Structure formats: structure tokens, C-alpha cells
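So this block is data_26.cif, mmCIF, C-alpha atoms:
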```cif
data_start
#
loop_
_atom_site.label_atom_id
_atom_site.label_comp_id
_atom_site.auth_asym_id
_atom_site.auth_seq_id
_atom_site.Cartn_x
_atom_site.Cartn_y
_atom_site.Cartn_z
CA MET T 1 13.28 44.70 27.25
CA VAL T 2 10.60 42.92 25.23
CA GLU T 3 7.71 45.14 24.12
CA LYS T 4 4.46 43.96 25.65
CA LYS T 5 1.22 43.93 23.67
CA ASP T 6 -1.77 45.86 25.08
CA TYR T 7 -3.67 42.80 26.18
CA GLU T 8 -0.60 41.41 27.91
CA ILE T 9 -0.43 44.48 30.13
CA ILE T 10 -4.14 44.23 30.97
CA LEU T 11 -4.02 40.49 31.56
CA ALA T 12 -0.80 40.07 33.49
CA SER T 13 -1.36 36.32 33.76
CA VAL T 14 -1.50 35.50 30.04
CA GLN T 15 0.11 32.12 29.57
CA LYS T 16 2.31 31.04 26.68
CA PRO T 17 1.99 27.55 25.17
CA VAL T 18 5.13 25.49 25.67
CA VAL T 19 6.01 21.84 25.07
CA GLY T 20 6.99 20.16 28.33
CA GLU T 21 5.23 22.49 30.76
CA ALA T 22 5.69 19.89 33.53
CA GLY T 23 9.24 19.03 32.48
CA LYS T 24 10.39 15.86 30.74
CA THR T 25 7.42 13.64 31.58
CA GLY T 26 9.22 10.69 29.98
CA SER T 27 10.99 10.21 33.30
CA TRP T 28 7.72 9.38 35.11
CA SER T 29 7.78 5.67 34.31
CA ARG T 30 10.40 2.96 34.09
CA PHE T 31 8.47 1.12 31.38
CA LYS T 32 8.15 2.34 27.83
CA PRO T 33 6.12 1.03 24.85
CA LYS T 34 8.06 -0.70 22.10
CA ILE T 35 6.42 -1.37 18.73
CA ASP T 36 7.16 -4.70 17.07
CA LEU T 37 7.19 -3.58 13.44
CA GLU T 38 6.73 -7.14 12.16
CA LYS T 39 3.35 -7.40 13.93
CA CYS T 40 2.12 -3.80 13.49
CA LEU T 41 -0.86 -3.74 11.08
CA VAL T 42 -0.11 -0.40 9.41
CA VAL T 43 3.45 -1.49 8.67
CA LYS T 44 2.34 -4.93 7.49
CA MET T 45 -0.30 -3.62 5.07
CA ASN T 46 1.57 -0.36 4.40
CA LYS T 47 -1.59 1.75 4.52
CA ASP T 48 -3.77 3.58 7.07
CA VAL T 49 -5.80 0.73 8.57
CA CYS T 50 -5.40 0.78 12.35
CA HIS T 51 -3.63 3.53 14.35
CA PHE T 52 -5.49 2.64 17.57
CA CYS T 53 -2.37 3.65 19.52
CA TRP T 54 -2.62 7.17 18.08
CA LEU T 55 -6.36 7.37 18.83
CA TYR T 56 -6.31 6.13 22.42
CA CYS T 57 -3.06 7.72 23.65
CA PRO T 58 -4.04 10.38 26.22
CA GLU T 59 -0.98 12.40 25.21
CA PRO T 60 -0.26 13.62 21.70
CA ILE T 61 2.99 11.67 21.52
CA ILE T 62 2.27 8.89 19.00
CA SER T 63 2.30 10.00 15.36
CA ARG T 64 -0.23 8.86 12.74
CA THR T 65 2.49 7.79 10.32
CA ILE T 66 3.74 4.53 8.86
CA PRO T 67 5.33 3.22 11.07
CA PRO T 68 3.88 5.04 14.14
CA LYS T 69 6.59 6.94 16.01
CA ILE T 70 6.61 7.42 19.78
CA ASN T 71 8.06 10.52 21.42
CA TYR T 72 9.88 8.84 24.32
CA GLU T 73 10.95 12.16 25.80
CA TYR T 74 7.37 12.87 26.94
CA CYS T 75 5.80 9.36 27.05
CA LYS T 76 4.40 8.89 30.58
CA GLY T 77 4.43 5.10 30.16
CA CYS T 78 0.78 4.44 31.07
CA GLY T 79 0.58 1.36 28.82
CA ILE T 80 -2.81 2.11 27.20
CA CYS T 81 -1.34 1.68 23.69
CA ALA T 82 -0.12 -1.82 24.56
CA GLU T 83 -3.61 -2.74 25.85
CA VAL T 84 -5.61 -1.44 22.86
CA CYS T 85 -3.27 -2.62 20.07
CA PRO T 86 -5.36 -5.20 18.10
CA PRO T 87 -2.43 -7.46 17.03
CA LYS T 88 -0.64 -6.90 20.40
CA ALA T 89 2.37 -5.45 18.59
CA ILE T 90 3.22 -3.04 21.42
CA LYS T 91 5.00 -4.36 24.50
CA MET T 92 5.92 -2.43 27.64
CA VAL T 93 9.66 -2.89 28.19
CA GLU T 94 12.28 -1.48 30.54
CA GLU T 95 13.85 1.71 29.26
CA SER T 96 17.22 0.00 28.85
CA GLU T 97 15.73 -2.54 26.40
CA LEU T 98 14.48 0.04 23.89
CA MET X 1 -28.06 13.31 15.67
CA ALA X 2 -24.32 12.75 15.65
CA ASP X 3 -22.88 11.32 12.46
CA LYS X 4 -20.89 8.13 12.46
CA VAL X 5 -17.17 8.93 12.66
CA LYS X 6 -14.29 6.79 11.47
CA LEU X 7 -10.81 6.95 12.95
CA TYR X 8 -9.29 8.65 9.91
CA ASP X 9 -11.96 11.40 9.97
CA ILE X 10 -10.34 12.80 13.11
CA PRO X 11 -7.81 15.50 12.20
CA GLU X 12 -4.16 14.97 12.92
CA GLU X 13 -3.70 18.50 14.24
CA GLU X 14 -3.03 18.53 18.00
CA PHE X 15 -4.12 21.29 20.38
CA LEU X 16 -2.77 19.62 23.49
CA LEU X 17 1.00 19.76 23.87
CA PRO X 18 3.10 16.87 25.22
CA GLY X 19 4.70 17.13 28.65
CA ASN X 20 1.62 18.40 30.49
CA ARG X 21 0.73 17.90 34.16
CA MET X 22 -2.00 15.23 33.82
CA CYS X 23 -1.43 11.89 35.55
CA SER X 24 -0.32 9.04 33.35
CA GLY X 25 -3.30 7.16 31.88
CA CYS X 26 -5.73 10.02 32.57
CA GLY X 27 -9.16 9.71 30.98
CA LEU X 28 -9.65 13.47 30.98
CA SER X 29 -6.49 13.98 28.96
CA LEU X 30 -7.91 11.72 26.24
CA ILE X 31 -11.33 13.44 26.38
CA TYR X 32 -9.82 16.92 26.14
CA ARG X 33 -7.47 15.97 23.33
CA THR X 34 -10.33 14.50 21.26
CA ALA X 35 -12.81 17.27 22.10
CA LEU X 36 -10.40 20.03 21.07
CA LYS X 37 -9.91 18.33 17.70
CA ALA X 38 -13.68 18.40 17.15
CA LEU X 39 -14.03 22.01 18.32
CA GLY X 40 -11.17 23.43 16.26
CA PRO X 41 -9.10 26.57 16.82
CA ASN X 42 -12.01 29.08 16.82
CA THR X 43 -13.00 28.20 20.36
CA ILE X 44 -13.00 29.96 23.71
CA ILE X 45 -12.94 27.58 26.65
CA THR X 46 -13.76 28.54 30.20
CA VAL X 47 -12.52 26.29 33.00
CA PRO X 48 -13.29 26.33 36.75
CA ALA X 49 -11.00 24.96 39.44
CA SER X 50 -10.57 21.29 38.51
CA CYS X 51 -8.05 18.83 37.12
CA LEU X 52 -8.30 20.77 33.88
CA THR X 53 -6.82 23.85 35.55
CA VAL X 54 -3.84 21.67 36.42
CA LEU X 55 -3.47 20.78 32.75
CA HIS X 56 -3.45 24.46 31.84
CA GLY X 57 -0.29 24.88 33.83
CA MET X 58 1.36 27.15 36.35
CA GLN X 59 1.58 30.89 35.79
CA GLY X 60 3.32 31.92 32.60
CA PHE X 61 3.15 28.65 30.68
CA THR X 62 0.41 26.34 29.44
CA SER X 63 0.07 23.03 27.61
CA VAL X 64 -2.81 24.08 25.35
CA ASP X 65 -1.94 25.47 21.97
CA LYS X 66 -3.91 27.73 19.56
CA ILE X 67 -7.03 27.91 21.79
CA SER X 68 -8.08 30.69 24.18
CA VAL X 69 -8.77 29.47 27.70
CA LEU X 70 -10.14 31.46 30.63
CA ASN X 71 -9.66 30.23 34.20
CA THR X 72 -12.60 31.15 36.43
CA PRO X 73 -13.64 30.56 40.07
CA PHE X 74 -15.41 27.31 40.92
CA ALA X 75 -19.10 28.31 40.86
CA THR X 76 -18.96 30.65 37.89
CA VAL X 77 -18.11 28.53 34.87
CA ALA X 78 -21.53 28.74 33.20
CA ALA X 79 -21.89 32.41 34.19
CA SER X 80 -18.53 33.27 32.62
CA ALA X 81 -19.55 31.36 29.50
CA SER X 82 -22.73 33.47 29.39
CA GLY X 83 -20.57 36.60 29.58
CA ILE X 84 -18.25 35.41 26.81
CA GLU X 85 -21.24 34.53 24.64
CA ALA X 86 -22.82 37.96 25.25
CA ALA X 87 -19.55 39.63 24.22
CA LEU X 88 -19.32 37.45 21.09
CA GLU X 89 -22.90 38.34 20.16
CA ALA X 90 -22.22 42.07 20.66
CA MET X 91 -19.19 41.78 18.38
CA GLY X 92 -21.14 39.74 15.81
CA LYS X 93 -18.78 36.82 16.09
CA ASP X 94 -21.05 34.23 17.70
CA ASP X 95 -21.38 32.29 14.44
CA LYS X 96 -17.64 31.92 13.98
CA VAL X 97 -16.46 31.33 17.54
CA THR X 98 -17.69 28.50 19.76
CA CYS X 99 -17.93 29.09 23.49
CA VAL X 100 -17.31 26.01 25.63
CA ALA X 101 -17.48 25.53 29.39
CA PHE X 102 -15.42 22.52 30.48
CA ALA X 103 -15.97 21.56 34.10
CA GLY X 104 -15.46 18.58 36.35
CA ASP X 105 -18.24 16.73 38.14
CA GLY X 106 -17.81 18.79 41.32
CA GLY X 107 -18.01 22.03 39.34
CA THR X 108 -21.15 20.73 37.61
CA THR X 109 -23.22 18.64 39.98
CA ASP X 110 -22.44 20.43 43.26
CA ILE X 111 -20.89 23.86 43.01
CA GLY X 112 -21.71 25.00 39.48
CA ILE X 113 -25.29 23.73 39.15
CA GLN X 114 -26.96 27.09 39.83
CA GLY X 115 -24.90 28.83 37.13
CA LEU X 116 -25.51 26.02 34.67
CA SER X 117 -29.23 25.94 35.36
CA GLY X 118 -29.41 29.72 34.92
CA ALA X 119 -27.47 29.65 31.65
CA ALA X 120 -29.69 26.83 30.34
CA GLU X 121 -32.80 28.76 31.33
CA ARG X 122 -31.52 31.89 29.47
CA LYS X 123 -30.89 29.66 26.41
CA THR X 124 -27.26 30.83 26.22
CA ASN X 125 -25.62 29.58 23.03
CA PHE X 126 -22.75 27.49 24.41
CA ILE X 127 -21.54 23.93 24.95
CA TYR X 128 -21.26 22.75 28.54
CA ALA X 129 -19.01 19.69 28.79
CA CYS X 130 -18.78 17.89 32.12
CA TYR X 131 -16.02 15.32 32.51
CA ASP X 132 -17.12 13.06 35.30
CA ASN X 133 -14.35 11.37 37.30
CA GLU X 134 -16.83 10.79 40.12
CA ALA X 135 -15.12 12.72 42.95
CA TYR X 136 -13.05 15.83 43.61
CA MET X 137 -9.89 14.21 42.22
CA ASN X 138 -7.80 17.35 41.96
CA THR X 139 -7.85 17.97 45.73
CA GLY X 140 -7.41 14.32 46.71
CA VAL X 141 -10.54 12.21 46.15
CA GLN X 142 -13.34 13.83 48.15
CA ARG X 143 -16.93 12.72 47.65
CA SER X 144 -19.05 14.70 45.17
CA GLY X 145 -22.68 14.50 44.14
CA SER X 146 -21.56 12.39 41.23
CA THR X 147 -19.75 9.73 43.28
CA PRO X 148 -21.47 6.36 42.75
CA TYR X 149 -23.04 4.19 45.45
CA GLY X 150 -20.64 2.17 47.59
CA SER X 151 -17.54 4.02 46.42
CA ILE X 152 -14.89 4.82 49.04
CA THR X 153 -13.45 8.32 49.06
CA THR X 154 -11.64 10.24 51.79
CA THR X 155 -14.92 11.82 52.96
CA THR X 156 -17.34 8.87 52.87
CA PRO X 157 -18.12 6.31 55.63
CA ILE X 158 -15.75 3.32 55.61
CA TYR X 159 -18.31 1.12 53.83
CA GLY X 160 -18.61 3.64 50.99
CA LYS X 161 -21.10 6.26 49.86
CA THR X 162 -24.68 5.55 50.89
CA GLU X 163 -26.43 7.41 48.06
CA HIS X 164 -26.57 6.89 44.31
CA LYS X 165 -24.99 9.15 41.71
CA LYS X 166 -26.83 12.34 40.78
CA ASN X 167 -28.29 11.94 37.30
CA MET X 168 -27.10 15.21 35.76
CA PRO X 169 -28.12 14.56 32.10
CA LYS X 170 -31.69 13.98 33.31
CA ILE X 171 -31.68 17.32 35.16
CA LEU X 172 -30.46 19.12 32.04
CA GLU X 173 -33.03 17.27 29.93
CA ALA X 174 -35.71 18.81 32.12
CA HIS X 175 -34.44 22.28 31.09
CA ASP X 176 -35.66 21.57 27.53
CA ILE X 177 -32.32 22.38 25.96
CA PRO X 178 -31.74 21.33 22.32
CA TYR X 179 -28.94 18.84 22.91
CA VAL X 180 -28.03 16.52 25.80
CA ALA X 181 -25.56 13.68 25.35
CA THR X 182 -23.56 11.25 27.46
CA SER X 183 -20.23 9.78 26.44
CA CYS X 184 -17.25 7.94 27.87
CA ALA X 185 -13.48 8.42 27.61
CA ALA X 186 -13.08 4.87 26.27
CA TYR X 187 -14.95 5.85 23.07
CA PRO X 188 -12.99 8.75 21.49
CA LEU X 189 -14.89 8.42 18.20
CA ASP X 190 -18.18 8.87 20.09
CA ILE X 191 -16.80 11.94 21.91
CA TYR X 192 -15.62 13.43 18.62
CA ALA X 193 -18.98 12.85 16.92
CA LYS X 194 -20.97 14.37 19.78
CA PHE X 195 -18.81 17.50 20.08
CA LYS X 196 -18.99 17.94 16.30
CA ARG X 197 -22.79 17.68 16.44
CA ALA X 198 -23.06 20.01 19.46
CA LYS X 199 -21.01 22.62 17.62
CA GLU X 200 -23.59 22.79 14.80
CA ILE X 201 -26.61 23.34 17.06
CA LYS X 202 -27.66 26.76 18.37
CA GLY X 203 -28.66 26.95 22.03
CA THR X 204 -27.40 25.33 25.22
CA LYS X 205 -25.72 21.98 24.65
CA TYR X 206 -24.75 19.61 27.45
CA ILE X 207 -22.33 16.69 27.13
CA HIS X 208 -21.59 14.49 30.15
CA ILE X 209 -18.49 12.32 29.76
CA LEU X 210 -17.41 9.57 32.15
CA SER X 211 -13.67 9.82 32.74
CA PRO X 212 -11.90 6.89 34.45
CA CYS X 213 -9.28 8.13 36.93
CA PRO X 214 -6.49 5.64 37.78
CA PRO X 215 -5.35 7.12 41.15
CA GLY X 216 -8.85 8.02 42.36
CA TRP X 217 -10.65 4.84 41.34
CA GLY X 218 -7.74 2.58 42.21
CA PHE X 219 -6.72 0.72 39.07
CA SER X 220 -3.60 0.36 36.96
CA THR X 221 -2.95 3.16 34.45
CA LYS X 222 -3.08 0.75 31.51
CA ASP X 223 -6.72 -0.18 32.25
CA THR X 224 -8.31 3.25 31.62
CA ILE X 225 -9.90 2.16 28.33
CA LYS X 226 -10.87 -1.28 29.66
CA ILE X 227 -12.69 0.18 32.68
CA GLY X 228 -14.43 2.83 30.61
CA LYS X 229 -15.69 0.15 28.23
CA LEU X 230 -16.83 -2.03 31.15
CA ALA X 231 -18.83 0.89 32.60
CA VAL X 232 -20.75 1.07 29.32
CA GLU X 233 -21.02 -2.67 28.62
CA THR X 234 -22.36 -3.49 32.10
CA GLY X 235 -25.09 -0.90 31.60
CA PHE X 236 -23.84 1.29 34.46
CA TRP X 237 -23.22 4.22 32.10
CA PRO X 238 -25.63 4.29 29.14
CA LEU X 239 -24.49 6.33 26.13
CA TYR X 240 -27.26 8.30 24.48
CA GLU X 241 -28.14 11.65 22.99
CA ILE X 242 -31.35 13.67 23.15
CA GLU X 243 -31.82 16.17 20.37
CA ASN X 244 -34.92 18.39 20.60
CA GLY X 245 -36.63 15.79 22.77
CA LYS X 246 -35.81 12.91 20.43
CA PHE X 247 -34.02 10.13 22.31
CA LEU X 248 -31.41 7.94 20.64
CA LEU X 249 -29.13 5.34 22.18
CA SER X 250 -25.57 5.52 20.84
CA ASN X 251 -24.07 2.48 19.13
CA PRO X 252 -22.10 0.97 22.08
CA SER X 253 -25.26 0.99 24.26
CA LYS X 254 -27.86 0.08 21.65
CA ARG X 255 -27.87 -3.67 22.16
CA LEU X 256 -27.90 -3.36 25.97
CA LEU X 257 -31.68 -2.81 26.01
CA ASP X 258 -31.83 -6.59 26.37
CA PRO X 259 -30.69 -7.33 29.98
CA ALA X 260 -29.08 -10.60 28.88
CA LYS X 261 -26.60 -8.69 26.68
CA ARG X 262 -25.29 -6.64 29.61
CA LYS X 263 -22.08 -7.87 31.25
CA PRO X 264 -22.39 -8.63 34.99
CA ILE X 265 -21.78 -5.51 37.08
CA GLU X 266 -19.33 -7.45 39.29
CA LEU X 267 -16.80 -7.28 36.43
CA TYR X 268 -16.80 -3.47 36.65
CA LEU X 269 -16.87 -3.24 40.45
CA SER X 270 -14.26 -5.89 41.28
CA VAL X 271 -11.41 -4.30 39.30
CA GLN X 272 -11.52 -1.00 41.18
CA LYS X 273 -10.10 -0.49 44.66
CA ARG X 274 -12.74 2.13 45.57
CA PHE X 275 -15.39 -0.64 45.57
CA LYS X 276 -13.33 -3.13 47.60
CA ARG X 277 -15.66 -3.01 50.65
CA LEU X 278 -18.90 -3.64 48.72
CA SER X 279 -21.13 -6.21 50.41
CA ASN X 280 -23.41 -8.63 48.55
CA GLU X 281 -26.46 -6.53 49.44
CA GLN X 282 -24.81 -3.46 47.96
CA ILE X 283 -24.10 -5.39 44.72
CA GLU X 284 -27.78 -6.44 44.62
CA GLU X 285 -28.70 -2.77 45.08
CA TYR X 286 -26.45 -1.95 42.09
CA LYS X 287 -28.28 -4.49 39.94
CA ARG X 288 -31.62 -3.00 40.95
CA TYR X 289 -30.33 0.52 40.18
CA ILE X 290 -29.09 -0.46 36.72
CA ASN X 291 -32.36 -2.23 35.86
CA GLN X 292 -34.30 0.80 37.03
CA SER X 293 -32.24 3.24 34.95
CA TRP X 294 -32.71 1.02 31.87
CA GLU X 295 -36.46 0.84 32.49
CA TYR X 296 -36.43 4.62 32.27
CA ILE X 297 -34.51 4.50 28.99
CA LYS X 298 -36.96 1.91 27.63
CA SER X 299 -39.88 4.07 28.60
CA LYS X 300 -38.52 6.91 26.45
CA ASN X 301 -39.60 6.92 22.87
CA ILE X 302 -36.68 5.03 21.41
CA THR X 303 -36.01 5.68 17.78
CA THR X 304 -33.12 3.91 16.15
CA GLN X 305 -31.20 4.83 13.06
CA PHE X 306 -32.73 1.92 11.20
CA LEU X 307 -36.33 3.09 11.49
#
```
Please express what this file holds, its structure, as C-alpha cells.
Amino acid sequence: MVEKKDYEIILASVQKPVVGEAGKTGSWSRFKPKIDLEKCLVVKMNKDVCHFCWLYCPEPIISRTIPPKINYEYCKGCGICAEVCPPKAIKMVEESEL
Amino acid sequence: MADKVKLYDIPEEEFLLPGNRMCSGCGLSLIYRTALKALGPNTIITVPASCLTVLHGMQGFTSVDKISVLNTPFATVAASASGIEAALEAMGKDDKVTCVAFAGDGGTTDIGIQGLSGAAERKTNFIYACYDNEAYMNTGVQRSGSTPYGSITTTTPIYGKTEHKKNMPKILEAHDIPYVATSCAAYPLDIYAKFKRAKEIKGTKYIHILSPCPPGWGFSTKDTIKIGKLAVETGFWPLYEIENGKFLLSNPSKRLLDPAKRKPIELYLSVQKRFKRLSNEQIEEYKRYINQSWEYIKSKNITTQFL
């Protein structure tokens, strides 16, 4: 049996942080964002200049890297990134077309 | 006053974990993610029954990392924050740890207002953040004090709500607290700047954030940012901050003092299904309401950053 800390005995409902608390939320939508790397500003200029997709994504699933990477396992497919992308480099496509 | 923030000033560290229970395209999710980055790991958050409780997960597991969160009953969010703050003061940790109450509009404007008013009167040193999705969204879109005029919910007449939205920032302003600010989910940089500023001030701080809700307001999930920006650009939701009585309009709202620069309110109302039964008279009433609220803002002593 796992030893419990003092506060865990007092507060029986202490919750542990886990990734995917609601399951694989990537299955919520049929459509997924696809980044066109030829149009993406950060890839084109090869420096940190845009990253609007990272800023506006309600979930922490887009990385602030060059190129930005999307975690499709948990992407809920809302389509905000495709709307806010200044050069319109992100398109919402069917999962099979990724 | 809040400093100007650039996108790359916001830390990359995430406190919200992927795979949480929020709806897709949720404005609150974006607000919470940005606010936690500004607040940092030394924070205790207290949350009443609301959509935010849903985010914090079922028993045993949660989607919030590195931050202590306390779930409290509906009416007690500001009271529990007062208790946490008193404990922090007794332990001598109130300089290092920030206490934040994060409540929805129901928990602020209707059920939690007595606790909030009491905590503000006692000058409790905490941040009260209200995310305003303009109805009780968690239980299925019931009308709250913050629901706007003409909006259809499951508990309003079929032609929509007959009263205007309760102006909560104005009520808190009357408590003479050191910091009152409004913000909107469509402006994450603004949210970050205001939380950062609120963290530095001692005393009761109040931030009211408009949070577009795709299922409750009736729009497509991809339009969350667009609708939030329209709410500000039409003048329906002015962004400002009041620090020690000094009033300052935030950048997105600054130019809207001139009525000609405001976008027509029809643009904001027509894209949401909750306003689908608005009559022409009700739209005229909206225009009158917006002009009146901007007259109030004009009448305040407006100081800009350029003066």
C-alpha cells in the first residue's frame, strides 16, 4: 500500500494533476488544424515573430517553437488558430487528410 | 497602471494541462490559461461552483498543475479567500503567496456579491477575478444578473431578458478599492498585463473579464476571438482600469470615445443565436444604452498615457 502524507489523510479529496483528465479530447472533433509551413510566418522568417496560434489557443496544445507543433491527441478542433493566423497558414481539414 | 505586454513577454510555462473538460473554443479556458501564467506558481486559487469547477475535474484528478486550488460552495468564494489571506498573514507568507478568487458571473453578481462586498469592505489583500459568460452556463444557460438585455436563456421570456446587465465594475469602484479593471478573452495580452499589475498592488483587486461562450451564446467555436473583439469594438464592453481612483481606458477601447469609431452594434448582435428575437426597438434601446455608458466614461477624469 502507498504511504499517504498527513495532508492527504486530512483532505481525502486531494486531486492529482494528470494530462487528459477528460480522456483523449482529440476525438471531440472531426476537423483538425493543419499548418502550411510554406505560409507560416515563423517558419518563413525563421525567428519568433508571430505565434498567434500559441497565444490564442484555449488549450496548451500548440508549442511556441519553430515550426509550431500541434498535439493532435488533445486538440479539440475549435478552429480558433485557423481564424487568428495572420497569413492564413492554418486550415481546418478532415482527420484523414493530416 | 498595467504595463504594455508583448506576446513574447508571456512565459512558455503552462499551468493548465491538455485534455481538460472545457468545451471546445471556450473563452474561459483561454482566460484561465493566460491568468495563471501571469500569477505564477505561488498562488492559491479559490473557486465556487461554476464552469471552472468542471475544469478542475472529477474526484481524484485535476487538469491544473503546480497551483493549489480550493473548491468552495457557491456564496463563499470571497469569504474563503478572506480566510486563506488571514492564514497567510498569520504565517507571514502574504508577500510571497497571492490569493485569488476566480468566480463566474453568477457567483459574483448574484450569489457571491455579499461575500465580495464584505471582503472589499475589510480591505482583504486578494485578487477577485470574475469571468463573465453572461448566464449560468455550467447548469445549462439560466439567466443571471449579468445577462445582457434581449438575450434568450432558458429562464427568460421568449423575447429575451427585459433588463440590462448589472454593472459590476461600477459597484466595486464604489467600494474604493485600489484596483478595478475590465478585460475580454479576445485580448490575452491585456488579461496578462492586468493580472500582472493586480499582483503588485496590496489590497482588494477586482478584474471583470468578458468570456464568450460558444454553446451558451450560440455561435461557432471558431468565432470566440472574433465575437470577443466585436464586443469591445462596438463599445458594448469598454476595457478600462481604475487605479486608486485614476481612470484609464485600455488601448483597444481608447479610440472608441468618438462614437463614429465604434462599429455598429448590429454586427455583434446578429452573429449570436441568443439575440435572434431582438426587435428594432430593442436594438435602438441597445444603442441608447451604449451611448449612455460611454457618456459615463467620458464624464470620468480621463487621463491617457500620452499626457
**Request:** Between X:Asn244, X:Ser220, X:Gln142, X:Asn280, single out the one closest to chain T, counting only C-alpha atoms.
**Result:**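 Residue with the minimum atom-to-atom distance to chain T: X:Ser220.
The coordinates place CA of Lys66 (chain X) at 8.7 Å from CA of Asn42 (chain X).
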**Residue members of the PyMOL selection byres ((chain T) within 9 of (chain X)) in the file shown, as a ChimeraX atom specification** = /T:13-26,28-29,48-52,55-61,63-64,71,73-84
**Request:** Enter the distance from CA of Glu241 (chain X) to CA of Ser211 (chain X), in Å, rounded to one decimal.
**Result:**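 The value is 17.5 Å.
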**Message:** Evaluate the PyMOL selection byres ((chain X and resi 120-127) around 10) against this structure - the residues, as a PyMOL selection string, please.
**Reply:** chain X and resi 45+78-79+81-86+89+94-95+98-102+114-119+128-130+172+175-180+195+198-199+201-207
Please produce a file of those selected residues containing C-alpha atoms, as a PDB file, in the frame of the given file.
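Below is the file result01.pdb, written as the result:
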```pdb
ATOM      1  CA  ILE X  45     -12.940  27.580  26.650  1.00  0.00           C
ATOM      2  CA  ALA X  78     -21.530  28.740  33.200  1.00  0.00           C
ATOM      3  CA  ALA X  79     -21.890  32.410  34.190  1.00  0.00           C
ATOM      4  CA  ALA X  81     -19.550  31.360  29.500  1.00  0.00           C
ATOM      5  CA  SER X  82     -22.730  33.470  29.390  1.00  0.00           C
ATOM      6  CA  GLY X  83     -20.570  36.600  29.580  1.00  0.00           C
ATOM      7  CA  ILE X  84     -18.250  35.410  26.810  1.00  0.00           C
ATOM      8  CA  GLU X  85     -21.240  34.530  24.640  1.00  0.00           C
ATOM      9  CA  ALA X  86     -22.820  37.960  25.250  1.00  0.00           C
ATOM     10  CA  GLU X  89     -22.900  38.340  20.160  1.00  0.00           C
ATOM     11  CA  ASP X  94     -21.050  34.230  17.700  1.00  0.00           C
ATOM     12  CA  ASP X  95     -21.380  32.290  14.440  1.00  0.00           C
ATOM     13  CA  THR X  98     -17.690  28.500  19.760  1.00  0.00           C
ATOM     14  CA  CYS X  99     -17.930  29.090  23.490  1.00  0.00           C
ATOM     15  CA  VAL X 100     -17.310  26.010  25.630  1.00  0.00           C
ATOM     16  CA  ALA X 101     -17.480  25.530  29.390  1.00  0.00           C
ATOM     17  CA  PHE X 102     -15.420  22.520  30.480  1.00  0.00           C
ATOM     18  CA  GLN X 114     -26.960  27.090  39.830  1.00  0.00           C
ATOM     19  CA  GLY X 115     -24.900  28.830  37.130  1.00  0.00           C
ATOM     20  CA  LEU X 116     -25.510  26.020  34.670  1.00  0.00           C
ATOM     21  CA  SER X 117     -29.230  25.940  35.360  1.00  0.00           C
ATOM     22  CA  GLY X 118     -29.410  29.720  34.920  1.00  0.00           C
ATOM     23  CA  ALA X 119     -27.470  29.650  31.650  1.00  0.00           C
ATOM     24  CA  TYR X 128     -21.260  22.750  28.540  1.00  0.00           C
ATOM     25  CA  ALA X 129     -19.010  19.690  28.790  1.00  0.00           C
ATOM     26  CA  CYS X 130     -18.780  17.890  32.120  1.00  0.00           C
ATOM     27  CA  LEU X 172     -30.460  19.120  32.040  1.00  0.00           C
ATOM     28  CA  HIS X 175     -34.440  22.280  31.090  1.00  0.00           C
ATOM     29  CA  ASP X 176     -35.660  21.570  27.530  1.00  0.00           C
ATOM     30  CA  ILE X 177     -32.320  22.380  25.960  1.00  0.00           C
ATOM     31  CA  PRO X 178     -31.740  21.330  22.320  1.00  0.00           C
ATOM     32  CA  TYR X 179     -28.940  18.840  22.910  1.00  0.00           C
ATOM     33  CA  VAL X 180     -28.030  16.520  25.800  1.00  0.00           C
ATOM     34  CA  PHE X 195     -18.810  17.500  20.080  1.00  0.00           C
ATOM     35  CA  ALA X 198     -23.060  20.010  19.460  1.00  0.00           C
ATOM     36  CA  LYS X 199     -21.010  22.620  17.620  1.00  0.00           C
ATOM     37  CA  ILE X 201     -26.610  23.340  17.060  1.00  0.00           C
ATOM     38  CA  LYS X 202     -27.660  26.760  18.370  1.00  0.00           C
ATOM     39  CA  GLY X 203     -28.660  26.950  22.030  1.00  0.00           C
ATOM     40  CA  THR X 204     -27.400  25.330  25.220  1.00  0.00           C
ATOM     41  CA  LYS X 205     -25.720  21.980  24.650  1.00  0.00           C
ATOM     42  CA  TYR X 206     -24.750  19.610  27.450  1.00  0.00           C
ATOM     43  CA  ILE X 207     -22.330  16.690  27.130  1.00  0.00           C
TER      44      ILE X 207
END
```
What are the centre and edge lengths in Å, to one decimal, of the axis-aligned box around all listed atoms of region 98-113 of chain X with 4 Å added on each side, as JSON?
```
{"center_x": -20.4, "center_y": 22.9, "center_z": 31.5, "size_x": 17.9, "size_y": 20.4, "size_z": 31.5}
```
**Request:** Could you check how far CA of Glu285 (chain X) sits from CA of Lys166 (chain X), in Å to one decimal?
**Result:**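 Calculated distance between CA of Glu285 (chain X) and CA of Lys166 (chain X) is 15.8 Å.
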**Asked** Looking at X:Asn167, X:Ser299, X:Thr234, X:Ser146, which one is nearest to Lys287 (chain X), with distances taken over only C-alpha atoms?
**Response**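 Checking each of X:Asn167, X:Ser299, X:Thr234, X:Ser146 against Lys287 (chain X), counting only C-alpha atoms, the winner is X:Thr234.
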**Asked** Which one is closest to Ser183 (chain X): X:Thr147, X:Ser250, X:Gln292, X:Thr162? Count all atoms listed in the file.
**Response**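 Among the listed residues, the smallest separation from Ser183 (chain X) belongs to X:Ser250.
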Name all residues at most 12 Å from Leu41 (chain T) (count only C-alpha atoms; drop same-chain ones fewer than 6 positions away) and give them as a PDB file with C-alpha atoms, in the coordinates of the input.
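Saved file part_2.pdb follows:
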```pdb
ATOM      1  CA  ILE T  35       6.420  -1.370  18.730  1.00  0.00           C
ATOM      2  CA  LYS T  47      -1.590   1.750   4.520  1.00  0.00           C
ATOM      3  CA  ASP T  48      -3.770   3.580   7.070  1.00  0.00           C
ATOM      4  CA  VAL T  49      -5.800   0.730   8.570  1.00  0.00           C
ATOM      5  CA  CYS T  50      -5.400   0.780  12.350  1.00  0.00           C
ATOM      6  CA  HIS T  51      -3.630   3.530  14.350  1.00  0.00           C
ATOM      7  CA  PHE T  52      -5.490   2.640  17.570  1.00  0.00           C
ATOM      8  CA  CYS T  53      -2.370   3.650  19.520  1.00  0.00           C
ATOM      9  CA  ILE T  66       3.740   4.530   8.860  1.00  0.00           C
ATOM     10  CA  PRO T  67       5.330   3.220  11.070  1.00  0.00           C
ATOM     11  CA  PRO T  68       3.880   5.040  14.140  1.00  0.00           C
ATOM     12  CA  CYS T  85      -3.270  -2.620  20.070  1.00  0.00           C
ATOM     13  CA  PRO T  86      -5.360  -5.200  18.100  1.00  0.00           C
ATOM     14  CA  PRO T  87      -2.430  -7.460  17.030  1.00  0.00           C
ATOM     15  CA  LYS T  88      -0.640  -6.900  20.400  1.00  0.00           C
ATOM     16  CA  ALA T  89       2.370  -5.450  18.590  1.00  0.00           C
ATOM     17  CA  ILE T  90       3.220  -3.040  21.420  1.00  0.00           C
TER      18      ILE T  90
END
```
**Request:** Find, counting all atoms listed in the file, the residue in X:Leu210, X:Ile158, X:Leu257, X:Ala2 that gets nearest to Asp190 (chain X).
**Result:**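 Closest candidate: X:Ala2.
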**Asked** Using only C-alpha atoms, which of the listed residues (X:Ala75, X:Ala193, X:Ile297, X:Ile290) sits closest to Asp3 (chain X)?
**Response**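 Of the candidates, the smallest distance to Asp3 (chain X) is held by X:Ala193.
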**Message:** Once the PyMOL selection byres ((chain X and resi 293) around 12) is applied to the coordinates I shared, what remains selected? I want it as a ChimeraX atom specification.
**Reply:** /X:164-165,167,170,235-238,256-257,259,286-292,294-300
